[in-house]
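**Q** Just one file: structure31.csv, with CSV, C-alpha atoms.
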```csv
chain,number,residue,atom,x,y,z
A,1027,MET,CA,2.7,-22.9,0.7
A,1028,LYS,CA,3.7,-19.8,-1.2
A,1029,LEU,CA,2.4,-18.5,-4.5
A,1030,ALA,CA,5.8,-19.1,-6.1
A,1031,GLU,CA,5.4,-22.8,-5.6
A,1032,LEU,CA,2.5,-23.0,-8.1
A,1033,SER,CA,3.2,-23.2,-11.8
A,1034,ARG,CA,1.9,-20.4,-14.0
A,1035,ASP,CA,-0.7,-22.8,-15.5
A,1036,ASP,CA,-2.0,-23.6,-12.0
A,1037,VAL,CA,-2.2,-19.9,-11.1
A,1038,ARG,CA,-4.2,-19.2,-14.2
A,1039,ARG,CA,-6.5,-22.2,-13.6
A,1040,GLN,CA,-7.2,-21.2,-10.0
A,1041,LEU,CA,-7.9,-17.6,-11.0
A,1042,ARG,CA,-10.3,-18.8,-13.7
A,1043,THR,CA,-12.1,-21.2,-11.5
A,1044,ASP,CA,-12.4,-21.1,-7.7
A,1045,GLY,CA,-10.0,-18.2,-7.2
A,1046,LEU,CA,-6.6,-17.7,-5.7
A,1047,ALA,CA,-6.5,-17.0,-2.0
A,1048,LEU,CA,-3.6,-14.9,-0.7
A,1049,ARG,CA,-2.6,-14.2,2.9
A,1050,LEU,CA,-2.0,-10.5,3.0
A,1051,ALA,CA,-1.7,-10.3,6.8
A,1052,PRO,CA,-3.8,-9.4,8.7
A,1053,PHE,CA,-6.3,-10.0,5.9
A,1054,SER,CA,-6.9,-12.7,3.3
A,1055,VAL,CA,-8.2,-12.1,-0.2
A,1056,LYS,CA,-9.5,-14.5,-2.8
A,1057,VAL,CA,-9.0,-13.3,-6.3
A,1058,ARG,CA,-10.7,-14.5,-9.5
A,1059,SER,CA,-9.9,-13.4,-13.0
A,1060,ASP,CA,-10.3,-14.5,-16.6
A,1061,LEU,CA,-7.4,-12.3,-17.8
A,1062,PRO,CA,-4.4,-14.5,-18.4
A,1063,HIS,CA,-1.8,-11.6,-18.1
A,1064,LEU,CA,-3.0,-10.8,-14.6
A,1065,ALA,CA,-1.7,-14.2,-13.4
A,1066,ASP,CA,1.8,-13.4,-14.5
A,1067,GLU,CA,1.6,-10.0,-12.9
A,1068,LEU,CA,0.4,-11.4,-9.6
A,1069,VAL,CA,3.2,-13.9,-9.5
A,1070,GLY,CA,5.8,-11.2,-10.1
A,1071,LEU,CA,4.5,-9.1,-7.2
A,1072,TYR,CA,3.1,-11.7,-4.7
A,1073,ASP,CA,5.3,-14.7,-5.2
A,1074,ARG,CA,6.5,-14.7,-1.6
A,1075,PHE,CA,3.0,-14.4,-0.1
A,1076,GLU,CA,1.4,-17.5,1.4
A,1077,LEU,CA,-1.7,-19.2,0.0
A,1078,VAL,CA,-4.7,-19.5,2.3
A,1079,PRO,CA,-5.6,-23.2,3.0
A,1080,ASP,CA,-8.9,-24.5,1.8
A,1081,HIS,CA,-11.8,-23.8,4.2
A,1082,ASP,CA,-10.0,-21.0,6.0
A,1083,PHE,CA,-11.9,-17.8,6.4
A,1084,ILE,CA,-11.5,-15.3,3.6
A,1085,ASP,CA,-12.0,-11.6,4.4
A,1086,PHE,CA,-12.6,-10.3,0.8
A,1087,HIS,CA,-13.8,-12.1,-2.3
A,1088,VAL,CA,-12.9,-10.0,-5.3
A,1089,ALA,CA,-12.6,-10.5,-9.1
A,1090,VAL,CA,-11.3,-8.7,-12.2
A,1091,LEU,CA,-13.3,-10.0,-15.1
A,1092,ARG,CA,-13.8,-9.2,-18.8
A,1093,SER,CA,-16.8,-7.0,-19.2
A,1094,PRO,CA,-19.9,-8.9,-20.4
A,1095,HIS,CA,-21.3,-5.8,-22.2
A,1096,TRP,CA,-20.6,-6.0,-25.9
A,1097,ARG,CA,-19.3,-2.4,-26.3
A,1098,SER,CA,-17.0,-2.7,-23.3
A,1099,ARG,CA,-15.9,-6.2,-24.4
A,1100,LEU,CA,-15.1,-4.9,-27.9
A,1101,MET,CA,-12.9,-2.2,-26.2
A,1102,GLY,CA,-11.1,-4.8,-24.1
A,1103,ARG,CA,-12.4,-3.5,-20.8
A,1104,ALA,CA,-12.5,-5.3,-17.5
A,1105,GLU,CA,-14.6,-4.9,-14.3
A,1106,PHE,CA,-13.9,-5.1,-10.6
A,1107,TRP,CA,-16.3,-7.2,-8.6
A,1108,PHE,CA,-16.6,-7.5,-4.8
A,1109,ASP,CA,-18.8,-10.2,-3.2
A,1110,GLY,CA,-20.5,-10.9,-6.5
A,1111,GLN,CA,-21.3,-7.2,-7.2
A,1112,ARG,CA,-19.7,-5.0,-9.8
A,1113,SER,CA,-18.2,-2.2,-7.9
A,1114,PHE,CA,-16.5,0.3,-10.3
A,1115,THR,CA,-16.6,1.7,-13.8
A,1116,PRO,CA,-14.9,-0.7,-16.3
A,1117,LEU,CA,-11.3,0.0,-17.1
A,1118,PRO,CA,-9.1,-1.2,-20.0
A,1119,GLY,CA,-8.0,-4.8,-19.4
A,1120,ALA,CA,-4.3,-3.6,-19.6
A,1121,GLN,CA,-5.0,-1.8,-16.3
A,1122,ALA,CA,-6.3,-4.9,-14.5
A,1123,LEU,CA,-3.4,-5.0,-12.0
A,1124,ALA,CA,-4.0,-1.4,-11.0
A,1125,MET,CA,-7.7,-2.0,-10.7
A,1126,LEU,CA,-7.1,-5.0,-8.5
A,1127,GLU,CA,-4.8,-3.1,-6.2
A,1128,TRP,CA,-7.1,-0.1,-6.0
A,1129,GLY,CA,-10.1,-2.4,-5.4
A,1130,ILE,CA,-8.4,-4.2,-2.5
A,1131,ASN,CA,-7.6,-0.9,-1.0
A,1132,TRP,CA,-11.2,0.1,-1.2
A,1133,CYS,CA,-12.4,-3.2,0.3
A,1134,ILE,CA,-10.1,-2.7,3.3
A,1135,ALA,CA,-10.9,1.0,3.7
A,1136,ALA,CA,-14.6,0.4,3.5
A,1137,HIS,CA,-14.9,-2.6,5.8
A,1138,ALA,CA,-11.9,-3.2,8.1
A,1139,HIS,CA,-13.1,-1.0,11.0
A,1140,GLN,CA,-11.4,-3.1,13.6
A,1141,TYR,CA,-8.5,-0.7,12.8
A,1142,LEU,CA,-8.3,3.1,12.5
A,1143,LEU,CA,-7.4,3.3,8.8
A,1144,ILE,CA,-5.0,6.1,7.8
A,1145,HIS,CA,-4.0,7.0,4.3
A,1146,ALA,CA,-0.4,6.9,5.1
A,1147,ALA,CA,2.9,5.3,4.3
A,1148,VAL,CA,4.2,3.3,7.3
A,1149,LEU,CA,7.8,2.0,7.6
A,1150,GLU,CA,9.7,0.5,10.5
A,1151,ARG,CA,13.3,0.8,11.8
A,1152,GLY,CA,14.4,-1.0,15.0
A,1153,GLY,CA,10.9,-1.7,16.0
A,1154,ARG,CA,9.8,1.9,15.7
A,1155,ALA,CA,7.3,3.0,13.1
A,1156,LEU,CA,7.5,6.1,10.8
A,1157,VAL,CA,4.0,7.3,9.8
A,1158,MET,CA,3.6,9.6,6.8
A,1159,PRO,CA,0.0,10.7,6.3
A,1160,ALA,CA,-0.4,12.8,3.1
A,1161,PRO,CA,-2.9,13.6,0.3
A,1162,PRO,CA,-2.2,12.5,-3.3
A,1163,GLY,CA,0.6,14.4,-5.0
A,1164,SER,CA,2.7,15.0,-1.9
A,1165,GLY,CA,5.5,12.6,-2.9
A,1166,LYS,CA,4.6,10.2,-0.1
A,1167,SER,CA,4.8,7.0,-2.2
A,1168,THR,CA,8.0,8.0,-3.9
A,1169,LEU,CA,9.7,8.7,-0.6
A,1170,CYS,CA,8.2,5.5,0.9
A,1171,ALA,CA,9.6,3.4,-2.0
A,1172,ALA,CA,13.1,5.0,-1.6
A,1173,LEU,CA,13.2,4.4,2.2
A,1174,ALA,CA,11.9,0.8,1.7
A,1175,HIS,CA,15.0,0.1,-0.5
A,1176,ARG,CA,17.4,1.8,2.0
A,1177,GLY,CA,17.0,-0.2,5.1
A,1178,TRP,CA,13.5,0.7,6.3
A,1179,ARG,CA,10.9,-2.1,6.5
A,1180,LEU,CA,7.8,-1.4,4.6
A,1181,LEU,CA,4.5,-2.0,6.3
A,1182,SER,CA,2.3,-0.1,3.9
A,1183,ASP,CA,2.3,2.5,1.2
A,1184,GLU,CA,-1.4,3.4,1.3
A,1185,LEU,CA,-3.1,2.1,4.4
A,1186,GLY,CA,-1.8,2.5,7.9
A,1187,LEU,CA,-3.6,0.0,10.2
A,1188,LEU,CA,-3.7,1.4,13.8
A,1189,ASP,CA,-4.8,-1.1,16.4
A,1190,LEU,CA,-7.2,0.8,18.6
A,1191,ARG,CA,-6.5,-1.4,21.6
A,1192,THR,CA,-2.7,-1.8,21.5
A,1193,GLY,CA,-1.7,1.3,19.7
A,1194,LEU,CA,0.5,-0.7,17.3
A,1195,LEU,CA,0.7,-0.2,13.6
A,1196,HIS,CA,0.1,-3.2,11.3
A,1197,GLY,CA,0.9,-3.5,7.6
A,1198,MET,CA,0.7,-5.8,4.6
A,1199,ALA,CA,3.9,-5.1,2.6
A,1200,ARG,CA,1.8,-5.0,-0.5
A,1201,PRO,CA,3.3,-3.3,-3.7
A,1202,ILE,CA,4.0,0.4,-3.7
A,1203,ASN,CA,2.0,2.4,-6.2
A,1204,LEU,CA,4.1,4.9,-8.2
A,1205,LYS,CA,2.9,7.4,-10.8
A,1206,ASN,CA,4.4,9.2,-13.8
A,1207,ALA,CA,7.8,10.7,-13.2
A,1208,SER,CA,8.3,8.8,-10.0
A,1209,ILE,CA,8.6,5.5,-12.0
A,1210,PRO,CA,11.9,6.3,-13.8
A,1211,LEU,CA,13.2,8.2,-10.8
A,1212,LEU,CA,12.8,5.1,-8.5
A,1213,LYS,CA,14.2,2.8,-11.2
A,1214,ALA,CA,17.4,4.8,-11.3
A,1215,PHE,CA,17.5,5.1,-7.5
A,1216,ALA,CA,16.9,1.4,-6.7
A,1217,PRO,CA,17.8,-0.7,-9.8
A,1218,GLN,CA,17.3,-3.8,-7.7
A,1219,ALA,CA,13.6,-3.1,-7.2
A,1220,ARG,CA,11.1,-5.3,-9.0
A,1221,PHE,CA,8.5,-3.4,-11.0
A,1222,SER,CA,5.3,-4.3,-12.8
A,1223,ALA,CA,4.8,-3.2,-16.3
A,1224,SER,CA,3.8,0.4,-16.6
A,1225,MET,CA,0.1,1.1,-17.2
A,1226,PRO,CA,-0.4,4.3,-19.1
A,1227,ASN,CA,-3.6,6.4,-19.4
A,1228,THR,CA,-5.1,5.5,-16.1
A,1229,THR,CA,-7.1,8.1,-14.1
A,1230,LYS,CA,-3.8,8.8,-12.3
A,1231,GLY,CA,-1.6,8.9,-15.3
A,1232,THR,CA,1.0,6.2,-15.9
A,1233,VAL,CA,1.1,3.8,-13.0
A,1234,ALA,CA,3.6,1.0,-12.0
A,1235,LEU,CA,3.7,-1.1,-8.9
A,1236,VAL,CA,6.9,-1.9,-7.0
A,1237,ARG,CA,7.2,-5.2,-5.1
A,1238,ALA,CA,8.1,-4.8,-1.4
A,1239,PRO,CA,11.6,-6.0,-0.5
A,1240,GLU,CA,11.7,-9.6,0.5
A,1241,ASP,CA,12.5,-8.9,4.2
A,1242,ALA,CA,9.4,-6.7,4.4
A,1243,ILE,CA,7.2,-9.4,2.9
A,1244,ASP,CA,8.6,-12.1,5.2
A,1245,ARG,CA,8.1,-10.0,8.3
A,1246,ARG,CA,4.8,-8.3,7.4
A,1247,SER,CA,2.9,-9.9,10.3
A,1248,LEU,CA,5.1,-8.0,12.8
A,1249,PRO,CA,3.5,-4.7,14.0
A,1250,ALA,CA,5.5,-1.7,15.1
A,1251,GLN,CA,5.3,1.0,17.8
A,1252,PRO,CA,4.7,4.5,16.5
A,1253,ALA,CA,7.7,6.8,16.9
A,1254,TRP,CA,7.6,9.5,14.2
A,1255,VAL,CA,4.8,11.3,12.4
A,1256,VAL,CA,6.2,13.1,9.3
A,1257,LEU,CA,4.1,15.2,6.9
A,1258,PRO,CA,5.9,14.9,3.5
A,1259,ALA,CA,5.8,17.4,0.7
A,1260,TRP,CA,7.8,17.3,-2.6
A,1261,ARG,CA,9.2,20.6,-3.7
A,1262,ALA,CA,10.9,20.9,-7.0
A,1263,ASP,CA,14.6,21.8,-6.7
A,1264,GLY,CA,14.2,22.7,-3.1
A,1265,PRO,CA,16.6,21.6,-0.3
A,1266,ALA,CA,15.6,18.8,2.0
A,1267,GLN,CA,14.2,20.2,5.3
A,1268,LEU,CA,13.0,18.3,8.3
A,1269,MET,CA,11.1,20.8,10.5
A,1270,PRO,CA,9.3,20.1,13.9
A,1271,VAL,CA,5.6,20.7,13.9
A,1272,GLU,CA,3.1,21.0,16.8
A,1273,ARG,CA,1.4,17.8,17.8
A,1274,ALA,CA,-1.9,19.5,17.1
A,1275,GLN,CA,-1.0,19.9,13.5
A,1276,ALA,CA,0.1,16.2,13.3
A,1277,PHE,CA,-3.2,15.2,14.9
A,1278,MET,CA,-5.2,17.1,12.4
A,1279,ALA,CA,-3.3,15.6,9.5
A,1280,LEU,CA,-3.8,12.1,10.8
A,1281,ALA,CA,-7.5,12.7,11.4
A,1282,GLU,CA,-8.0,14.3,7.9
A,1283,GLN,CA,-6.3,11.4,6.2
A,1284,SER,CA,-8.2,8.7,8.1
A,1285,PHE,CA,-10.9,6.8,6.3
A,1286,ASN,CA,-12.9,6.0,9.4
A,1287,TYR,CA,-11.9,8.5,12.1
A,1288,ASP,CA,-15.5,9.9,12.3
A,1289,LEU,CA,-17.0,6.4,12.5
A,1290,HIS,CA,-14.9,5.5,15.6
A,1291,GLY,CA,-16.0,8.7,17.4
A,1292,GLN,CA,-14.4,9.1,20.8
A,1293,ALA,CA,-12.3,5.9,20.4
A,1294,GLY,CA,-10.8,7.3,17.2
A,1295,PHE,CA,-10.0,10.7,18.8
A,1296,GLN,CA,-8.3,9.0,21.7
A,1297,ALA,CA,-6.3,6.6,19.5
A,1298,VAL,CA,-5.0,9.5,17.4
A,1299,GLY,CA,-4.2,11.4,20.5
A,1300,ARG,CA,-2.2,8.6,22.0
A,1301,LEU,CA,-0.3,8.1,18.7
A,1302,VAL,CA,0.9,11.7,18.4
A,1303,ASP,CA,1.7,11.9,22.2
A,1304,GLN,CA,4.3,9.1,21.7
A,1305,CYS,CA,5.7,10.5,18.5
A,1306,ASP,CA,8.2,13.1,17.4
A,1307,CYS,CA,6.3,15.2,14.8
A,1308,TYR,CA,7.8,16.8,11.7
A,1309,ARG,CA,7.1,18.4,8.3
A,1310,PHE,CA,9.5,17.2,5.6
A,1311,GLU,CA,10.1,18.9,2.3
A,1312,TYR,CA,12.4,17.3,-0.3
A,1313,SER,CA,13.2,17.2,-4.0
A,1314,HIS,CA,16.1,14.7,-4.2
A,1315,LEU,CA,15.9,11.1,-2.9
A,1316,ASP,CA,19.5,10.6,-1.8
A,1317,GLU,CA,19.3,13.8,0.3
A,1318,ALA,CA,15.9,12.8,1.7
A,1319,VAL,CA,17.2,9.3,2.8
A,1320,ARG,CA,20.1,10.9,4.6
A,1321,HIS,CA,17.7,13.0,6.7
A,1322,PHE,CA,15.8,9.9,7.7
A,1323,GLU,CA,19.0,8.0,8.5
A,1324,SER,CA,19.8,10.8,10.9
A,1325,LEU,CA,16.3,10.6,12.4
A,1326,ALA,CA,16.6,6.9,13.0
A,1327,GLU,CA,20.2,7.2,14.4
A,1328,GLY,CA,19.1,9.9,16.8
A,1329,ALA,CA,16.6,7.5,18.3
A,1330,GLU,CA,19.1,4.7,19.0
```
As structure tokens, please, write out the structure in this file.

**A**
Amino acid sequence: MKLAELSRDDVRRQLRTDGLALRLAPFSVKVRSDLPHLADELVGLYDRFELVPDHDFIDFHVAVLRSPHWRSRLMGRAEFWFDGQRSFTPLPGAQALAMLEWGINWCIAAHAHQYLLIHAAVLERGGRALVMPAPPGSGKSTLCAALAHRGWRLLSDELGLLDLRTGLLHGMARPINLKNASIPLLKAFAPQARFSASMPNTTKGTVALVRAPEDAIDRRSLPAQPAWVVLPAWRADGPAQLMPVERAQAFMALAEQSFNYDLHGQAGFQAVGRLVDQCDCYRFEYSHLDEAVRHFESLAEGAE
């Protein structure tokens, strides 16, 4: 059963009471909330996701709830809870969706150590995975959203899940997080994309979430074989350039952008080494999305 098969009233009721359990693949998350607008936003972004049957194992129990403290409540603030504990500073209730997404990312990054967790966008084409590790502000999410709406299958915008045993990359096809000027840019580039309402004045500026394309959601349980590591960087008014880099540089970027590389020790070192050994490695600078997409089309065609 998918979330879209529930009525809005049922979604709100489940969020208020026992919680709404979603299959994100390879994780499951149960969400509770007493904020009615969050139900509508979840349906808009997660309507094609399956509900977890009763009594199935849940990886993460989370909640976004109105703050019980009188001052925060008066200001309309909400709190993120994980396993019955408040986990972050309260935020305005209008930012509840962003808080939920960031909170789920934190849960996975802090606890899912069966994977090597990389802060990277991951997309697939023809069974081959493109990995783009990058720090905030690099244009990674904007480029990821553009490629996801031009024939690349989205695995993840924020969290690359590298299986240490098989070397395959897994994803969840969760919404892509866009900020500030990237929001109108992507709306013009991909008018068919489904956006959440924009949330201004967050710690990251104005934020909006973009639902993954339907094919990516429906095939999100399929892993992909790493084929390319690309280090993206947005450069205002500069030409698009795809430049080879040494595997050592790609290795360092992946290790630096991993949440748990140090925790895995030798196994993490070996996993990243195997990943870069089987990939073509590049640095990519861009300013215009159409030009950027053409470069990645050429990259994919060259591998066929």

**Q** Can you tell me, as a list in words, what residues are no more than 12 Å from Gly1110 of chain A when counting only C-alpha atoms, ignoring any on the same chain fewer than 2 positions away?

**A** Val1057, Arg1058, Phe1086, His1087, Val1088, Ala1089, Val1090, Leu1091, Glu1105, Phe1106, Trp1107, Phe1108, Arg1112 and Ser1113 of chain A

**Q** Skipping near chain neighbours, those fewer than 4 positions away, what residues fall within 7 Å of Ala1155 of chain A using only C-alpha atoms, listed as a list in words?

**A**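 Everything that qualifies: Val1148, Leu1149, Glu1150, Arg1151, Ala1250, Gln1251, Pro1252, Ala1253 and Trp1254 of chain A.
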
**Q** Taking (3.4, -12.4, -8.8) in the coordinates of the supplied file, I want to know which residues reach to within 10 Å of it, counting all atoms listed in the file; could you give the answer as an mmCIF file with C-alpha atoms, keeping the file's coordinate frame?

**A**
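This went into point-v2.cif:
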```cif
data_model
loop_
_atom_site.group_PDB
_atom_site.id
_atom_site.type_symbol
_atom_site.label_atom_id
_atom_site.label_comp_id
_atom_site.auth_asym_id
_atom_site.auth_seq_id
_atom_site.Cartn_x
_atom_site.Cartn_y
_atom_site.Cartn_z
ATOM 1 C CA LEU A 1029 2.400 -18.500 -4.500
ATOM 2 C CA ALA A 1030 5.800 -19.100 -6.100
ATOM 3 C CA ARG A 1034 1.900 -20.400 -14.000
ATOM 4 C CA VAL A 1037 -2.200 -19.900 -11.100
ATOM 5 C CA LEU A 1064 -3.000 -10.800 -14.600
ATOM 6 C CA ALA A 1065 -1.700 -14.200 -13.400
ATOM 7 C CA ASP A 1066 1.800 -13.400 -14.500
ATOM 8 C CA GLU A 1067 1.600 -10.000 -12.900
ATOM 9 C CA LEU A 1068 0.400 -11.400 -9.600
ATOM 10 C CA VAL A 1069 3.200 -13.900 -9.500
ATOM 11 C CA GLY A 1070 5.800 -11.200 -10.100
ATOM 12 C CA LEU A 1071 4.500 -9.100 -7.200
ATOM 13 C CA TYR A 1072 3.100 -11.700 -4.700
ATOM 14 C CA ASP A 1073 5.300 -14.700 -5.200
ATOM 15 C CA ARG A 1074 6.500 -14.700 -1.600
ATOM 16 C CA PHE A 1075 3.000 -14.400 -0.100
ATOM 17 C CA SER A 1222 5.300 -4.300 -12.800
ATOM 18 C CA ARG A 1237 7.200 -5.200 -5.100
#
```

**Q** Expressed in Å to a single decimal, how great is the separation between atom CA of Leu1117 of chain A and atom CA of Ile1084 of chain A?

**A**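 So the answer is 25.7 Å.
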
**Q** Would you give me, as a tab-separated table, each residue of segment 1220-1290 of chain A having an atom within 12 Å of an atom of segment 1128-1141 of chain A, along with its shortest atom pair and that distance in Å to one decimal, using all atoms listed in the file and sorting by chain and residue number?

**A**
```
residue	atom	partner	partner_atom	distance
A:Thr1228	CA	A:Trp1128	CA	11.7
A:Thr1229	CA	A:Trp1128	CA	11.5
A:Lys1230	CA	A:Trp1128	CA	11.4
A:Val1233	CA	A:Trp1128	CA	11.5
A:Leu1235	CA	A:Trp1128	CA	11.2
A:Gln1283	CA	A:Ala1135	CA	11.6
A:Ser1284	CA	A:Ala1135	CA	9.3
A:Phe1285	CA	A:Ala1135	CA	6.4
A:Asn1286	CA	A:His1139	CA	7.2
A:Tyr1287	CA	A:His1139	CA	9.6
A:Asp1288	CA	A:His1139	CA	11.2
A:Leu1289	CA	A:His1139	CA	8.5
A:His1290	CA	A:His1139	CA	8.2
```

**Q** Between A:Ala1219, A:Leu1211, A:Leu1194, A:Leu1180, which is the closest to Ser1313 of chain A once you count all atoms listed in the file?

**A**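 Under the stated criterion, the closest residue is A:Leu1211.
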
**Q** Around (14.8, 3.1, 14.7), as given in the file, which residues come within 10 Å? Count all atoms listed in the file and list them as a list of chain:residue names.

**A**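 Returned residue set, sorted by chain then number, is A:Glu1150, A:Arg1151, A:Gly1152, A:Gly1153, A:Arg1154, A:Ala1155, A:Leu1156, A:Trp1178, A:Ala1253, A:Trp1254, A:Phe1322, A:Glu1323, A:Ser1324, A:Leu1325, A:Ala1326, A:Glu1327, A:Gly1328, A:Ala1329, A:Glu1330.
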
**Q** Go ahead and compute the interatomic distance for atom CA of Asn1227 of chain A and atom CA of Pro1162 of chain A, in Å to one decimal.

**A** 17.3 Å

**Q** List as a short mmCIF file (atom, residue, chain, number, x, y, z; two decimals) with C-alpha atoms, in the coordinates of the input the protein and nucleic acid residues near Leu1195 of chain A, meaning an atom at most 7 Å away when only C-alpha atoms are counted, but skip any in the same chain fewer than 2 places from it.

**A**
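Writing the result to around_10.cif gives the following:
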```
data_model
loop_
_atom_site.label_atom_id
_atom_site.label_comp_id
_atom_site.auth_asym_id
_atom_site.auth_seq_id
_atom_site.Cartn_x
_atom_site.Cartn_y
_atom_site.Cartn_z
CA GLY A 1186 -1.80 2.50 7.90
CA LEU A 1187 -3.60 0.00 10.20
CA LEU A 1188 -3.70 1.40 13.80
CA ASP A 1189 -4.80 -1.10 16.40
CA GLY A 1193 -1.70 1.30 19.70
CA GLY A 1197 0.90 -3.50 7.60
CA PRO A 1249 3.50 -4.70 14.00
CA ALA A 1250 5.50 -1.70 15.10
CA GLN A 1251 5.30 1.00 17.80
CA PRO A 1252 4.70 4.50 16.50
#
```

**Q** Can you measure atom CA of Arg1042 of chain A to atom CA of Asp1109 of chain A for me? One decimal in Å is fine.

**A**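 According to the coordinates, atom CA of Arg1042 of chain A and atom CA of Asp1109 of chain A are separated by 16.0 Å.
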